[in-house]
file final.tsv (TSV, C-alpha atoms)
chain	number	residue	atom	x	y	z
F	1	MET	CA	62.53	-16.89	52.94
F	2	GLY	CA	59.62	-17.26	50.49
F	3	ARG	CA	57.69	-19.35	53.04
F	4	ASN	CA	58.17	-16.67	55.73
F	5	LEU	CA	57.11	-13.93	53.36
F	6	GLN	CA	53.88	-15.73	52.50
F	7	THR	CA	52.97	-16.33	56.15
F	8	ALA	CA	53.31	-12.58	56.65
F	9	ASP	CA	50.75	-12.02	53.85
F	10	TRP	CA	53.58	-11.40	51.43
F	11	LEU	CA	53.72	-13.00	48.01
F	12	ARG	CA	56.56	-13.24	45.56
F	13	PRO	CA	55.92	-12.30	41.90
F	14	VAL	CA	56.08	-16.00	41.02
F	15	ASP	CA	53.42	-16.82	43.65
F	16	LEU	CA	51.03	-14.24	42.19
F	17	ALA	CA	51.80	-15.31	38.64
F	18	ARG	CA	51.23	-19.01	39.23
F	19	ARG	CA	47.83	-18.45	40.81
F	20	HIS	CA	46.56	-16.93	37.56
F	21	GLY	CA	48.56	-18.80	34.94
F	22	LEU	CA	50.70	-15.78	34.13
F	23	SER	CA	54.38	-15.16	33.75
F	24	THR	CA	56.23	-13.18	36.39
F	25	GLN	CA	57.06	-10.63	33.70
F	26	ALA	CA	53.33	-10.14	33.02
F	27	VAL	CA	52.77	-9.41	36.71
F	28	ARG	CA	55.61	-6.85	36.67
F	29	ASN	CA	54.14	-5.29	33.51
F	30	TYR	CA	50.75	-4.97	35.21
F	31	GLU	CA	52.39	-3.24	38.14
F	32	GLU	CA	54.21	-0.82	35.86
F	33	ALA	CA	50.96	-0.11	33.99
F	34	GLY	CA	49.24	0.89	37.24
F	35	ILE	CA	46.90	-2.10	37.19
F	36	LEU	CA	48.33	-3.22	40.52
F	37	PRO	CA	48.95	-0.83	43.41
F	38	PRO	CA	52.58	0.03	44.25
F	39	THR	CA	54.51	-2.84	45.83
F	40	GLY	CA	56.85	-3.01	48.74
F	41	ARG	CA	60.44	-4.22	48.60
F	42	THR	CA	62.47	-6.48	50.82
F	43	ALA	CA	65.79	-5.38	52.26
F	44	HIS	CA	67.40	-7.00	49.23
F	45	GLY	CA	65.16	-5.12	46.77
F	46	TYR	CA	62.80	-7.96	45.87
F	47	ARG	CA	59.19	-7.08	45.10
F	48	THR	CA	56.68	-8.16	47.73
F	49	TYR	CA	53.02	-8.49	46.90
F	50	THR	CA	50.11	-8.91	49.31
F	51	SER	CA	46.54	-10.13	49.18
F	52	LEU	CA	45.61	-6.60	48.04
F	53	HIS	CA	47.70	-7.07	44.89
F	54	ALA	CA	46.16	-10.49	44.38
F	55	GLY	CA	42.72	-8.90	44.60
F	56	ALA	CA	43.71	-6.21	42.10
F	57	LEU	CA	44.94	-8.83	39.67
F	58	ARG	CA	41.74	-10.86	40.05
F	59	ALA	CA	39.66	-7.74	39.45
F	60	PHE	CA	41.61	-6.78	36.34
F	61	LEU	CA	41.47	-10.25	34.79
F	62	ALA	CA	37.73	-10.38	35.49
F	63	LEU	CA	37.18	-6.95	33.92
F	64	VAL	CA	39.01	-7.70	30.67
F	65	PRO	CA	36.42	-10.03	29.03
F	66	GLY	CA	33.58	-7.53	29.41
F	67	HIS	CA	35.38	-4.22	29.00
F	68	GLY	CA	38.41	-5.07	26.91
F	69	HIS	CA	42.06	-4.75	27.91
F	70	ARG	CA	42.34	-0.98	27.42
F	71	THR	CA	39.24	-0.03	29.40
F	72	ALA	CA	39.98	-2.57	32.12
F	73	THR	CA	43.44	-1.05	32.49
F	74	ALA	CA	41.98	2.44	32.71
F	75	ILE	CA	39.48	1.31	35.35
F	76	MET	CA	42.19	-0.21	37.55
F	77	ARG	CA	44.45	2.80	37.15
F	78	ALA	CA	41.65	5.08	38.23
F	79	VAL	CA	40.86	2.95	41.27
F	80	ASN	CA	44.50	2.75	42.31
F	81	ASP	CA	44.85	6.51	41.87
F	82	GLY	CA	41.89	7.07	44.19
F	83	ALA	CA	39.66	8.28	41.33
F	84	ALA	CA	36.76	5.87	41.82
F	85	ASP	CA	34.29	8.17	40.05
F	86	GLU	CA	36.36	7.98	36.87
F	87	ALA	CA	36.40	4.19	37.15
F	88	PHE	CA	32.61	4.16	37.53
F	89	ARG	CA	32.25	6.43	34.49
F	90	LEU	CA	34.28	4.00	32.38
F	91	ILE	CA	32.13	1.13	33.62
F	92	ASP	CA	28.98	3.07	32.76
F	93	GLU	CA	30.28	3.62	29.23
F	94	SER	CA	30.74	-0.12	28.72
F	95	HIS	CA	27.21	-0.78	29.94
F	96	ALA	CA	25.89	1.99	27.69
F	97	GLN	CA	27.66	0.43	24.71
F	98	LEU	CA	26.15	-2.94	25.51
F	99	LEU	CA	22.70	-1.35	25.71
F	100	ASP	CA	23.26	0.34	22.33
F	101	ASP	CA	24.30	-3.01	20.86
F	102	ARG	CA	21.15	-4.64	22.25
F	103	ARG	CA	18.98	-1.90	20.77
F	104	THR	CA	20.68	-2.33	17.41
F	105	LEU	CA	20.04	-6.07	17.50
F	106	GLN	CA	16.40	-5.48	18.42
F	107	ALA	CA	16.05	-2.96	15.59
F	108	VAL	CA	17.49	-5.41	13.08
F	109	GLU	CA	15.25	-8.24	14.30
F	110	SER	CA	12.21	-5.97	14.16
F	111	ALA	CA	13.12	-4.75	10.68
F	112	LEU	CA	13.57	-8.30	9.46
F	113	ARG	CA	10.20	-9.35	10.87
F	114	ASP	CA	8.50	-6.39	9.21
F	115	LEU	CA	10.34	-7.10	5.99
F	116	GLU	CA	9.26	-10.75	5.94
F	117	ILE	CA	5.64	-9.78	6.64
F	118	THR	CA	5.72	-7.15	3.91
F	119	MET	CA	7.22	-9.43	1.30
F	120	THR	CA	4.74	-12.23	1.99
F	121	SER	CA	1.61	-10.11	2.37
F	122	GLU	CA	1.97	-7.41	-0.28
F	123	PRO	CA	1.41	-8.38	-3.90
F	124	GLY	CA	3.97	-7.41	-6.45
F	125	VAL	CA	6.70	-6.49	-4.00
F	126	GLY	CA	9.44	-8.41	-5.77
F	127	PRO	CA	11.28	-7.24	-8.85
F	128	GLU	CA	10.03	-7.85	-12.32
F	129	PRO	CA	11.74	-10.62	-14.27
F	130	GLY	CA	15.25	-9.34	-14.88
F	131	GLY	CA	14.93	-6.70	-12.20
F	132	THR	CA	13.00	-3.49	-11.50
F	133	PHE	CA	13.84	0.14	-12.14
F	134	ILE	CA	14.31	2.97	-9.68
F	135	GLY	CA	10.91	4.58	-10.20
F	136	PRO	CA	8.76	1.51	-9.53
F	137	LEU	CA	10.90	0.49	-6.54
F	138	ALA	CA	10.75	3.96	-5.04
F	139	GLY	CA	6.99	3.94	-5.51
F	140	LYS	CA	6.60	0.59	-3.76
F	141	LEU	CA	8.66	1.83	-0.82
F	142	GLY	CA	6.92	5.20	-0.67
F	143	ILE	CA	10.15	7.15	-1.08
F	144	ARG	CA	11.66	9.38	-3.74
F	145	PRO	CA	14.06	8.04	-6.37
F	146	ALA	CA	16.61	10.52	-5.03
F	147	THR	CA	16.54	8.62	-1.74
F	148	LEU	CA	17.46	5.37	-3.48
F	149	ARG	CA	20.31	7.14	-5.23
F	150	LYS	CA	21.51	8.44	-1.86
F	151	TRP	CA	21.35	4.92	-0.44
F	152	GLU	CA	23.38	3.69	-3.38
F	153	ARG	CA	26.10	6.26	-2.67
F	154	ALA	CA	26.10	5.08	0.97
F	155	GLY	CA	26.60	1.48	-0.17
F	156	LEU	CA	23.21	0.20	0.97
F	157	VAL	CA	22.13	-0.99	-2.49
F	158	HIS	CA	24.17	-1.94	-5.54
F	159	PRO	CA	21.93	-1.84	-8.62
F	160	ARG	CA	23.47	-2.81	-11.93
F	161	ARG	CA	23.11	-0.66	-15.04
F	162	ASP	CA	21.11	-1.73	-18.04
F	163	PRO	CA	23.69	-1.94	-20.89
F	164	LEU	CA	21.30	-0.40	-23.44
F	165	THR	CA	19.63	2.40	-21.47
F	166	GLY	CA	22.04	2.95	-18.59
F	167	TYR	CA	19.12	2.79	-16.16
F	168	ARG	CA	19.59	1.32	-12.71
F	169	VAL	CA	18.23	-2.21	-12.38
F	170	TYR	CA	17.46	-3.61	-8.93
F	171	ASP	CA	17.49	-7.38	-8.55
F	172	ASP	CA	16.04	-9.49	-5.72
F	173	ALA	CA	18.94	-8.76	-3.35
F	174	ASP	CA	18.75	-5.03	-4.06
F	175	VAL	CA	15.01	-4.94	-3.35
F	176	ARG	CA	15.56	-6.86	-0.12
F	177	ASP	CA	18.35	-4.50	0.96
F	178	ALA	CA	16.32	-1.42	0.04
F	179	ARG	CA	13.36	-2.66	2.07
F	180	LEU	CA	15.59	-3.45	5.05
F	181	ALA	CA	17.22	-0.02	4.82
F	182	HIS	CA	13.76	1.55	4.67
F	183	GLN	CA	12.66	-0.28	7.83
F	184	LEU	CA	15.81	0.74	9.70
F	185	ARG	CA	15.53	4.37	8.57
F	186	ARG	CA	11.97	4.41	9.90
F	187	GLY	CA	13.44	3.16	13.17
F	188	GLY	CA	15.70	6.21	13.35
F	189	TYR	CA	18.97	4.65	12.23
F	190	LEU	CA	21.50	6.67	10.25
F	191	LEU	CA	22.91	5.51	6.94
F	192	ASP	CA	26.38	4.85	8.36
F	193	GLN	CA	24.76	2.68	11.03
F	194	ILE	CA	22.70	0.78	8.49
F	195	ALA	CA	25.54	0.06	6.04
F	196	PRO	CA	27.32	-2.57	8.18
F	197	LEU	CA	24.02	-4.28	8.93
F	198	ILE	CA	23.18	-4.53	5.23
F	199	ALA	CA	26.68	-5.90	4.70
F	200	GLN	CA	25.93	-8.64	7.25
F	201	VAL	CA	22.77	-9.60	5.35
F	202	ARG	CA	24.76	-9.87	2.12
F	203	ALA	CA	27.56	-11.84	3.78
F	204	ALA	CA	25.02	-14.24	5.28
F	205	GLY	CA	23.49	-14.80	1.85
F	206	GLY	CA	20.02	-13.49	2.69
F	207	LEU	CA	17.52	-13.22	5.50
F	208	GLU	CA	17.18	-16.88	6.48
F	209	PRO	CA	20.91	-17.51	6.99
F	210	LEU	CA	21.05	-14.24	8.93
F	211	GLU	CA	18.76	-15.69	11.60
F	212	ALA	CA	21.60	-17.90	12.82
F	213	ALA	CA	23.95	-14.93	12.83
F	214	LEU	CA	21.44	-12.94	14.88
F	215	GLY	CA	21.20	-15.81	17.34
F	216	ASN	CA	24.97	-15.81	17.72
F	217	TRP	CA	24.95	-12.04	18.10
F	218	ARG	CA	22.33	-12.30	20.83
F	219	GLY	CA	24.37	-14.97	22.58
F	220	ARG	CA	27.49	-12.81	22.52
F	221	LEU	CA	25.61	-9.88	24.04
F	222	SER	CA	24.26	-12.08	26.82
F	223	ALA	CA	27.73	-13.46	27.49
F	224	ARG	CA	29.15	-9.96	27.65
F	225	GLY	CA	26.45	-8.94	30.10
F	226	ARG	CA	27.50	-11.76	32.42
F	227	GLU	CA	31.16	-10.85	31.96
F	228	LEU	CA	30.40	-7.29	33.04
F	229	LEU	CA	28.66	-8.64	36.15
F	230	THR	CA	31.60	-10.91	36.97
F	231	GLY	CA	34.02	-8.03	36.57
F	232	ALA	CA	31.88	-5.78	38.74
F	233	ALA	CA	31.80	-8.38	41.54
F	234	GLU	CA	35.58	-8.75	41.60
F	235	LEU	CA	36.10	-5.00	41.42
F	236	GLU	CA	33.69	-4.47	44.32
F	237	ALA	CA	35.65	-7.02	46.35
F	238	TYR	CA	38.86	-5.16	45.56
F	239	LEU	CA	37.34	-1.79	46.47
F	240	HIS	CA	36.12	-3.25	49.74
F	241	ARG	CA	39.58	-4.57	50.52
F	242	ARG	CA	41.13	-1.18	49.76
F	243	GLY	CA	38.72	0.35	52.28

call {"tool": "encode", "arguments": {"input": "final.tsv", "output": "structure tokens"}}
result
Amino acid sequence: MGRNLQTADWLRPVDLARRHGLSTQAVRNYEEAGILPPTGRTAHGYRTYTSLHAGALRAFLALVPGHGHRTATAIMRAVNDGAADEAFRLIDESHAQLLDDRRTLQAVESALRDLEITMTSEPGVGPEPGGTFIGPLAGKLGIRPATLRKWERAGLVHPRRDPLTGYRVYDDADVRDARLAHQLRRGGYLLDQIAPLIAQVRAAGGLEPLEAALGNWRGRLSARGRELLTGAAELEAYLHRRG
């Protein structure tokens, strides 16, 4: 019976599953989640899938890498419910997020370039032996000491306290982080956007190791861009098949 069903453009759950390396239960779960359109049933109650369901499954699996499982599910549900505009809105949001991520990467790269130029071209930009205090550092950056205190509360800098005077002491890493924060603030970034970027600099162990991390970041963004294109192509094919 399975052979006859397939020649009539009917597929069993196992046929659809095997084509994509899935379990039959996964295919049923996708149907129940609305990722696949409703299926027909044989006289004996068995599910029957068609090339339309195969196209829906291909589209969903192609959408997941670029959009994530949740958004890909929402996109397919919208399409299958006849709400294509909602699906397009969700797709636009993923592209907008990718663009924001690219702009963030560009801002970080620009800030790092400016920071490297500043630290190599300006005399006396580093801390004094043992560190520098809040006043001199604020003066070098052209900001108020209150701004540095605000950045400290936001976790952008972590000056130690002098045990005798209680004054804040900024070491090399603190000066670097303060200068990077200053560059990003000039670029319009908010403190809560800057904090995770500063954390990446610290985790990398400085600016030079961060270059490799930025290269990996750039590669991931490019890969996601291609994944979005692949998902769009399969979704377009599915939309065309739906008519």

call {"tool": "residues_around", "arguments": {"input": "final.tsv", "residues": "Thr147 in chain F", "least_positions_apart": "6", "cutoff": "12 Å", "atoms": "only C-alpha atoms", "output": "tab-separated table (two decimals) with C-alpha atoms, in the coordinates of the input"}}
result
chain	number	residue	atom	x	y	z
F	134	ILE	CA	14.31	2.97	-9.68
F	135	GLY	CA	10.91	4.58	-10.20
F	137	LEU	CA	10.90	0.49	-6.54
F	138	ALA	CA	10.75	3.96	-5.04
F	139	GLY	CA	6.99	3.94	-5.51
F	141	LEU	CA	8.66	1.83	-0.82
F	153	ARG	CA	26.10	6.26	-2.67
F	154	ALA	CA	26.10	5.08	0.97
F	156	LEU	CA	23.21	0.20	0.97
F	157	VAL	CA	22.13	-0.99	-2.49
F	178	ALA	CA	16.32	-1.42	0.04
F	181	ALA	CA	17.22	-0.02	4.82
F	182	HIS	CA	13.76	1.55	4.67
F	185	ARG	CA	15.53	4.37	8.57
F	191	LEU	CA	22.91	5.51	6.94

call {"tool": "residues_around", "arguments": {"input": "final.tsv", "residues": "range 61-64 of chain F", "least_positions_apart": "2", "cutoff": "8 Å", "atoms": "only C-alpha atoms", "output": "JSON list (two decimals) with C-alpha atoms, in the coordinates of the input"}}
result
[["chain", "number", "residue", "atom", "x", "y", "z"],
["F", 57, "LEU", "CA", 44.94, -8.83, 39.67],
["F", 58, "ARG", "CA", 41.74, -10.86, 40.05],
["F", 59, "ALA", "CA", 39.66, -7.74, 39.45],
["F", 66, "GLY", "CA", 33.58, -7.53, 29.41],
["F", 67, "HIS", "CA", 35.38, -4.22, 29.00],
["F", 68, "GLY", "CA", 38.41, -5.07, 26.91],
["F", 69, "HIS", "CA", 42.06, -4.75, 27.91],
["F", 71, "THR", "CA", 39.24, -0.03, 29.40],
["F", 72, "ALA", "CA", 39.98, -2.57, 32.12],
["F", 227, "GLU", "CA", 31.16, -10.85, 31.96],
["F", 228, "LEU", "CA", 30.40, -7.29, 33.04],
["F", 230, "THR", "CA", 31.60, -10.91, 36.97],
["F", 231, "GLY", "CA", 34.02, -8.03, 36.57],
["F", 232, "ALA", "CA", 31.88, -5.78, 38.74],
["F", 234, "GLU", "CA", 35.58, -8.75, 41.60],
["F", 235, "LEU", "CA", 36.10, -5.00, 41.42]]

call {"tool": "atom_distance", "arguments": {"input": "final.tsv", "atom1": "CA of Arg18 in chain F", "atom2": "CA of Gly243 in chain F"}}
result
26.5 Å

call {"tool": "closest_residue", "arguments": {"input": "final.tsv", "among": "F:Thr132, F:Thr39, F:Thr165, F:Ser110", "to": "Asn80 in chain F", "atoms": "all atoms listed in the file"}}
result
F:Thr39

call {"tool": "axis_aligned_box", "arguments": {"input": "final.tsv", "around": "range 16-32 of chain F", "padding_each_side": "3 Å", "output": "lines of an AutoDock Vina configuration file"}}
result
center_x = 51.8
center_y = -9.9
center_z = 37.6
size_x = 16.5
size_y = 24.2
size_z = 15.2
